Every structure is written in structure tokens, then in C-alpha cells.
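Peer 1: Okay, so here is my_file-v2.json, and as you'll see once you scroll down, it has JSON, C-alpha atoms and all ligand atoms.
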[["chain", "number", "residue", "atom", "x", "y", "z"],
["A", 28, "MET", "CA", 0.00, 0.00, 0.00],
["A", 29, "LYS", "CA", 1.22, 3.48, -0.80],
["A", 30, "ASN", "CA", 1.92, 5.84, 2.06],
["A", 31, "GLU", "CA", -0.79, 8.26, 1.06],
["A", 32, "GLU", "CA", -3.44, 5.56, 1.02],
["A", 33, "GLU", "CA", -2.35, 4.46, 4.46],
["A", 34, "VAL", "CA", -2.81, 7.98, 5.82],
["A", 35, "VAL", "CA", -6.28, 8.23, 4.30],
["A", 36, "LEU", "CA", -7.20, 4.86, 5.74],
["A", 37, "ARG", "CA", -5.91, 5.81, 9.17],
["A", 38, "LYS", "CA", -7.92, 9.02, 9.06],
["A", 39, "SER", "CA", -11.13, 7.26, 8.13],
["A", 40, "VAL", "CA", -10.59, 4.70, 10.92],
["A", 41, "ALA", "CA", -9.87, 7.55, 13.33],
["A", 42, "ASN", "CA", -13.07, 9.30, 12.21],
["A", 43, "THR", "CA", -15.10, 6.15, 12.82],
["A", 44, "VAL", "CA", -13.49, 5.58, 16.21],
["A", 45, "LEU", "CA", -14.19, 9.16, 17.27],
["A", 46, "ARG", "CA", -17.79, 9.04, 16.02],
["A", 47, "VAL", "CA", -18.45, 5.80, 17.87],
["A", 48, "ALA", "CA", -16.77, 7.07, 21.04],
["A", 49, "GLN", "CA", -18.96, 10.19, 20.97],
["A", 50, "ALA", "CA", -22.04, 8.05, 20.38],
["A", 51, "CYS", "CA", -21.21, 5.72, 23.30],
["A", 52, "LEU", "CA", -20.91, 8.35, 26.03],
["A", 53, "ASP", "CA", -22.17, 7.18, 29.40],
["A", 54, "GLU", "CA", -24.98, 9.62, 30.14],
["A", 55, "SER", "CA", -25.54, 8.23, 33.61],
["A", 56, "ARG", "CA", -22.14, 9.37, 34.82],
["A", 57, "LYS", "CA", -20.64, 12.81, 35.00],
["A", 58, "GLY", "CA", -18.05, 13.65, 32.43],
["A", 59, "TRP", "CA", -17.29, 12.17, 29.11],
["A", 60, "ARG", "CA", -16.66, 8.50, 29.79],
["A", 61, "VAL", "CA", -17.23, 6.07, 26.94],
["A", 62, "LYS", "CA", -19.20, 2.87, 27.57],
["A", 63, "MET", "CA", -16.53, 0.36, 26.67],
["A", 64, "ARG", "CA", -18.67, -2.68, 25.91],
["A", 65, "GLN", "CA", -20.85, -0.69, 23.51],
["A", 66, "PHE", "CA", -17.71, 0.84, 21.99],
["A", 67, "ASN", "CA", -15.97, -2.52, 21.52],
["A", 68, "ASP", "CA", -19.11, -4.07, 19.99],
["A", 69, "ALA", "CA", -19.29, -1.18, 17.51],
["A", 70, "MET", "CA", -15.62, -1.66, 16.62],
["A", 71, "ASP", "CA", -16.35, -5.33, 15.90],
["A", 72, "ASP", "CA", -19.35, -4.37, 13.79],
["A", 73, "ASN", "CA", -17.18, -1.96, 11.80],
["A", 74, "GLY", "CA", -14.50, -4.63, 11.38],
["A", 75, "ILE", "CA", -11.82, -2.50, 13.04],
["A", 76, "SER", "CA", -9.12, -4.59, 14.70],
["A", 77, "SER", "CA", -7.93, -3.81, 18.20],
["A", 78, "LYS", "CA", -4.55, -2.86, 16.77],
["A", 79, "ASP", "CA", -6.20, -0.29, 14.46],
["A", 80, "VAL", "CA", -8.36, 0.93, 17.33],
["A", 81, "ARG", "CA", -5.27, 1.57, 19.44],
["A", 82, "ALA", "CA", -3.54, 3.37, 16.57],
["A", 83, "ALA", "CA", -6.63, 5.50, 15.98],
["A", 84, "LEU", "CA", -6.94, 6.30, 19.68],
["A", 85, "GLU", "CA", -3.32, 7.38, 19.77],
["A", 86, "PHE", "CA", -3.90, 9.56, 16.71],
["A", 87, "LEU", "CA", -6.96, 11.15, 18.33],
["A", 88, "GLN", "CA", -5.29, 11.58, 21.70],
["A", 89, "LEU", "CA", -2.41, 13.51, 20.14],
["A", 90, "ARG", "CA", -4.99, 15.87, 18.69],
["A", 91, "MET", "CA", -6.88, 16.33, 21.97],
["A", 92, "PHE", "CA", -10.08, 14.63, 20.83],
["A", 93, "LEU", "CA", -10.01, 12.07, 23.60],
["A", 94, "ILE", "CA", -7.88, 10.43, 26.27],
["A", 95, "ALA", "CA", -7.42, 6.65, 26.23],
["A", 96, "PHE", "CA", -6.38, 4.75, 29.35],
["A", 97, "LEU", "CA", -4.56, 1.45, 28.89],
["A", 98, "ASP", "CA", -4.39, -1.43, 31.35],
["A", 99, "ALA", "CA", -1.19, -3.27, 32.28],
["A", 100, "ASP", "CA", -1.48, -5.49, 29.19],
["A", 101, "GLY", "CA", -1.70, -2.50, 26.86],
["A", 102, "ASN", "CA", -5.39, -3.01, 26.16],
["A", 103, "VAL", "CA", -7.74, -0.06, 26.12],
["A", 104, "ALA", "CA", -9.29, 0.08, 29.59],
["A", 105, "SER", "CA", -11.33, 3.26, 29.23],
["A", 106, "ILE", "CA", -11.76, 6.29, 27.05],
["A", 107, "SER", "CA", -12.70, 9.85, 27.95],
["A", 108, "VAL", "CA", -13.87, 12.12, 25.18],
["A", 109, "VAL", "CA", -12.54, 15.67, 25.41],
["A", 110, "PRO", "CA", -15.32, 18.27, 24.98],
["A", 111, "GLN", "CA", -14.67, 20.08, 21.72],
["A", 112, "HIS", "CA", -16.08, 23.44, 22.80],
["A", 113, "TYR", "CA", -15.09, 25.74, 25.56],
["A", 114, "GLN", "CA", -16.21, 29.18, 26.65],
["A", 115, "CYS", "CA", -13.90, 32.14, 26.28],
["A", 116, "GLU", "CA", -13.40, 33.57, 29.77],
["A", 117, "PHE", "CA", -13.29, 37.13, 28.44],
["A", 118, "CYS", "CA", -16.25, 37.35, 26.08],
["A", 119, "LYS", "CA", -18.18, 34.13, 26.92],
["A", 120, "MET", "CA", -18.27, 33.04, 23.29],
["A", 121, "LEU", "CA", -18.25, 29.29, 22.66],
["A", 122, "LEU", "CA", -15.07, 28.32, 20.86],
["A", 123, "TYR", "CA", -14.11, 25.16, 19.06],
["A", 124, "ILE", "CA", -11.10, 23.63, 20.79],
["A", 125, "GLN", "CA", -9.41, 22.71, 17.50],
["A", 126, "ASP", "CA", -9.37, 26.30, 16.26],
["A", 127, "ASP", "CA", -6.37, 28.54, 16.63],
["A", 128, "PRO", "CA", -7.08, 30.79, 19.64],
["A", 129, "GLU", "CA", -5.24, 33.64, 17.90],
["A", 130, "ASP", "CA", -8.01, 33.74, 15.29],
["A", 131, "HIS", "CA", -10.39, 34.68, 18.08],
["A", 132, "ILE", "CA", -8.53, 37.76, 19.35],
["A", 133, "ASP", "CA", -10.15, 40.29, 16.98],
["A", 134, "VAL", "CA", -13.66, 38.99, 17.61],
["A", 135, "CYS", "CA", -12.96, 38.77, 21.31],
["A", 136, "LEU", "CA", -11.88, 42.40, 21.60],
["A", 137, "LYS", "CA", -14.95, 43.54, 19.68],
["A", 138, "ARG", "CA", -17.22, 41.47, 21.89],
["A", 139, "GLN", "CA", -15.56, 42.75, 25.04],
["A", 140, "LYS", "CA", -16.14, 46.34, 23.88],
["A", 141, "LYS", "CA", -19.76, 45.56, 23.19],
["A", 142, "ILE", "CA", -20.19, 43.94, 26.60],
["A", 143, "GLU", "CA", -18.60, 47.00, 28.20],
["A", 144, "ARG", "CA", -20.94, 49.31, 26.21],
["A", 145, "ASN", "CA", -23.98, 47.32, 27.23],
["A", 146, "ARG", "CA", -22.96, 47.39, 30.84],
["A", 147, "ARG", "CA", -22.58, 51.16, 30.75],
["A", 148, "SER", "CA", -25.93, 51.69, 29.05],
["A", 149, "ILE", "CA", -27.69, 49.65, 31.76],
["A", 150, "ARG", "CA", -26.40, 51.92, 34.51],
["B", 201, "ZN", "ZN", -13.27, 35.82, 23.68]]
Hey, can you dump this file as C-alpha cells for me?
Ligand SMILES: [Zn+2]
Peer 2:
Amino acid sequence: MKNEEEVVLRKSVANTVLRVAQACLDESRKGWRVKMRQFNDAMDDNGISSKDVRAALEFLQLRMFLIAFLDADGNVASISVVPQHYQCEFCKMLLYIQDDPEDHIDVCLKRQKKIERNRRSIR
């Protein structure tokens, strides 16, 4: 297989793994824990081997999409999905975690000015 094809394949596996992980979140517990049995069943259904799953998890972990915890044997013990949005502490706008924060500076300053204006007009 050519290198390029391998990269495309890895990306599509990583996409599937991420989609399944997000779909298997344990709603009954706080946080972003993935239900492992449901996750593993879905991996089987998609025909993704455990080796590919581990590679995809590593790929996603490096990019801050999730955190995978391994047991002593190197098997995936649990997965926590990292929320992909956070709130800017200065202007309260919801930001996508994968975006470059520098892109937000202009908007942020404008929004802060507007917030300041609104606050003054209330008084
Ligand atoms: Zn901001």
C-alpha cells in the first residue's frame, strides 16, 4: 500500500473511532466517559481490529479529541472524550477547541467592547 493511502485509511478509521466514542458516552455518569462494551461491539461491527483501534486512539489523543487509558497489558481500559467546545473567559463566546485561539482575538476584543458598552448603558 502506498503511504498516502495508508494515511487516508488511518484518518477514516480515526473518524469512525471518534464518532463511535462520541455516540457511546455514558450519560448516567458525570463527564465524558465512553461505555466500553458498547464501543468494543461497535468496533467489531465496523471490522476495526484492536490494533487499528489503538492506533486511531493514539492519533486522536495527540490531537486532543479524547484520552485513552490502557491497562497493564496494553489493552484499552477506558476512554474519555474531550469536549470540543469551551467558553472564552473574556467574552463568553463558545469556541471550538481545535481552532487557533489567535483567530479569536479580533472577535474577542470587539465582543468585550460591546459587553462594556452594554454594561454602561444599563447603569
Ligand atoms: Zn473571547
Peer 1: Of the candidates A:Gln111, A:Gln139, A:Gln88, A:Asn145, which one gets nearest to Ala41 in chain A if we count all atoms listed in the file?
Peer 2: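 Ranked by minimum distance to Ala41 in chain A, first place goes to A:Gln88.
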Peer 1: Which of these, A:Leu52, A:Val61, A:Met91, A:Val44, has the shortest distance to Asn73 in chain A once you count all atoms listed in the file?
Peer 2: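 Nearest candidate to Asn73 in chain A out of A:Leu52, A:Val61, A:Met91, A:Val44: A:Val44.
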Peer 1: Within 12 Å of ligand ZN 201 (chain B) (counting all atoms listed in the file), which residues show up? I'd like them as JSON, numbers by chain.
Peer 2: {"A": [113, 114, 115, 116, 117, 118, 119, 120, 121, 122, 123, 128, 129, 130, 131, 132, 133, 134, 135, 136, 137, 138, 139, 140, 141, 142]}
Peer 1: Skip Lys78 in chain A itself and residues of its chain fewer than 5 positions away, then list as a VMD selection string all residues within 10 Å of it, counting all atoms listed in the file.
Peer 2: chain A and resid 83 to 84 102
Peer 1: Grab the CA of Glu31 in chain A to CA of Leu87 in chain A distance for me, in Å with one decimal place.
Peer 2: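 Spanning CA of Glu31 in chain A to CA of Leu87 in chain A is a straight-line distance of 18.6 Å.
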Peer 1: Name the closest residue to Ala95 in chain A among the candidates A:Met70, A:Ala50, A:Met63, A:Ile149; distances are taken between atoms, counting only C-alpha atoms.
Peer 2: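 Comparing A:Met70, A:Ala50, A:Met63, A:Ile149 against Ala95 in chain A, the winner is A:Met63.
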Peer 1: So, with only C-alpha atoms as the atoms that count, which of A:Gly74, A:Arg144, A:Arg56, A:Lys62 lies closest to Ala104 in chain A?
Peer 2: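 Going through A:Gly74, A:Arg144, A:Arg56, A:Lys62 one by one, the smallest distance to Ala104 in chain A is for A:Lys62.
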Peer 1: For CA of Ser76 in chain A and CA of Arg46 in chain A, quote the distance in Å rounded to one decimal.
Peer 2: 16.2 Å
Peer 1: Please, can range 100-115 of chain A be completed to N, CA and C atoms and returned as a CSV table (one decimal), in the coordinates of the input?
Peer 2:
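Below you can see result.csv, which holds the result:
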chain,number,residue,atom,x,y,z
A,100,ASP,N,-1.8,-4.7,30.4
A,100,ASP,CA,-1.5,-5.5,29.2
A,100,ASP,C,-1.5,-4.6,27.9
A,101,GLY,N,-1.7,-3.4,28.0
A,101,GLY,CA,-1.7,-2.5,26.9
A,101,GLY,C,-3.0,-2.5,26.1
A,102,ASN,N,-4.1,-3.1,26.8
A,102,ASN,CA,-5.4,-3.0,26.2
A,102,ASN,C,-6.1,-1.7,26.6
A,103,VAL,N,-7.0,-1.3,25.8
A,103,VAL,CA,-7.7,-0.1,26.1
A,103,VAL,C,-8.7,-0.3,27.3
A,104,ALA,N,-8.5,0.3,28.4
A,104,ALA,CA,-9.3,0.1,29.6
A,104,ALA,C,-10.5,1.0,29.6
A,105,SER,N,-10.2,2.3,29.3
A,105,SER,CA,-11.3,3.3,29.2
A,105,SER,C,-10.9,4.4,28.4
A,106,ILE,N,-12.0,5.1,27.9
A,106,ILE,CA,-11.8,6.3,27.0
A,106,ILE,C,-12.6,7.5,27.6
A,107,SER,N,-12.0,8.6,27.6
A,107,SER,CA,-12.7,9.8,28.0
A,107,SER,C,-12.6,10.8,26.7
A,108,VAL,N,-13.8,11.2,26.3
A,108,VAL,CA,-13.9,12.1,25.2
A,108,VAL,C,-13.6,13.5,25.7
A,109,VAL,N,-12.8,14.3,25.0
A,109,VAL,CA,-12.5,15.7,25.4
A,109,VAL,C,-13.6,16.6,24.8
A,110,PRO,N,-14.3,17.4,25.6
A,110,PRO,CA,-15.3,18.3,25.0
A,110,PRO,C,-14.7,19.2,24.0
A,111,GLN,N,-15.3,19.3,22.8
A,111,GLN,CA,-14.7,20.1,21.7
A,111,GLN,C,-15.0,21.6,21.7
A,112,HIS,N,-15.8,22.0,22.7
A,112,HIS,CA,-16.1,23.4,22.8
A,112,HIS,C,-15.7,23.9,24.2
A,113,TYR,N,-15.3,25.1,24.3
A,113,TYR,CA,-15.1,25.7,25.6
A,113,TYR,C,-15.5,27.2,25.5
A,114,GLN,N,-15.7,27.8,26.6
A,114,GLN,CA,-16.2,29.2,26.6
A,114,GLN,C,-15.0,30.1,26.9
A,115,CYS,N,-14.9,31.1,26.1
A,115,CYS,CA,-13.9,32.1,26.3
A,115,CYS,C,-14.2,32.9,27.6
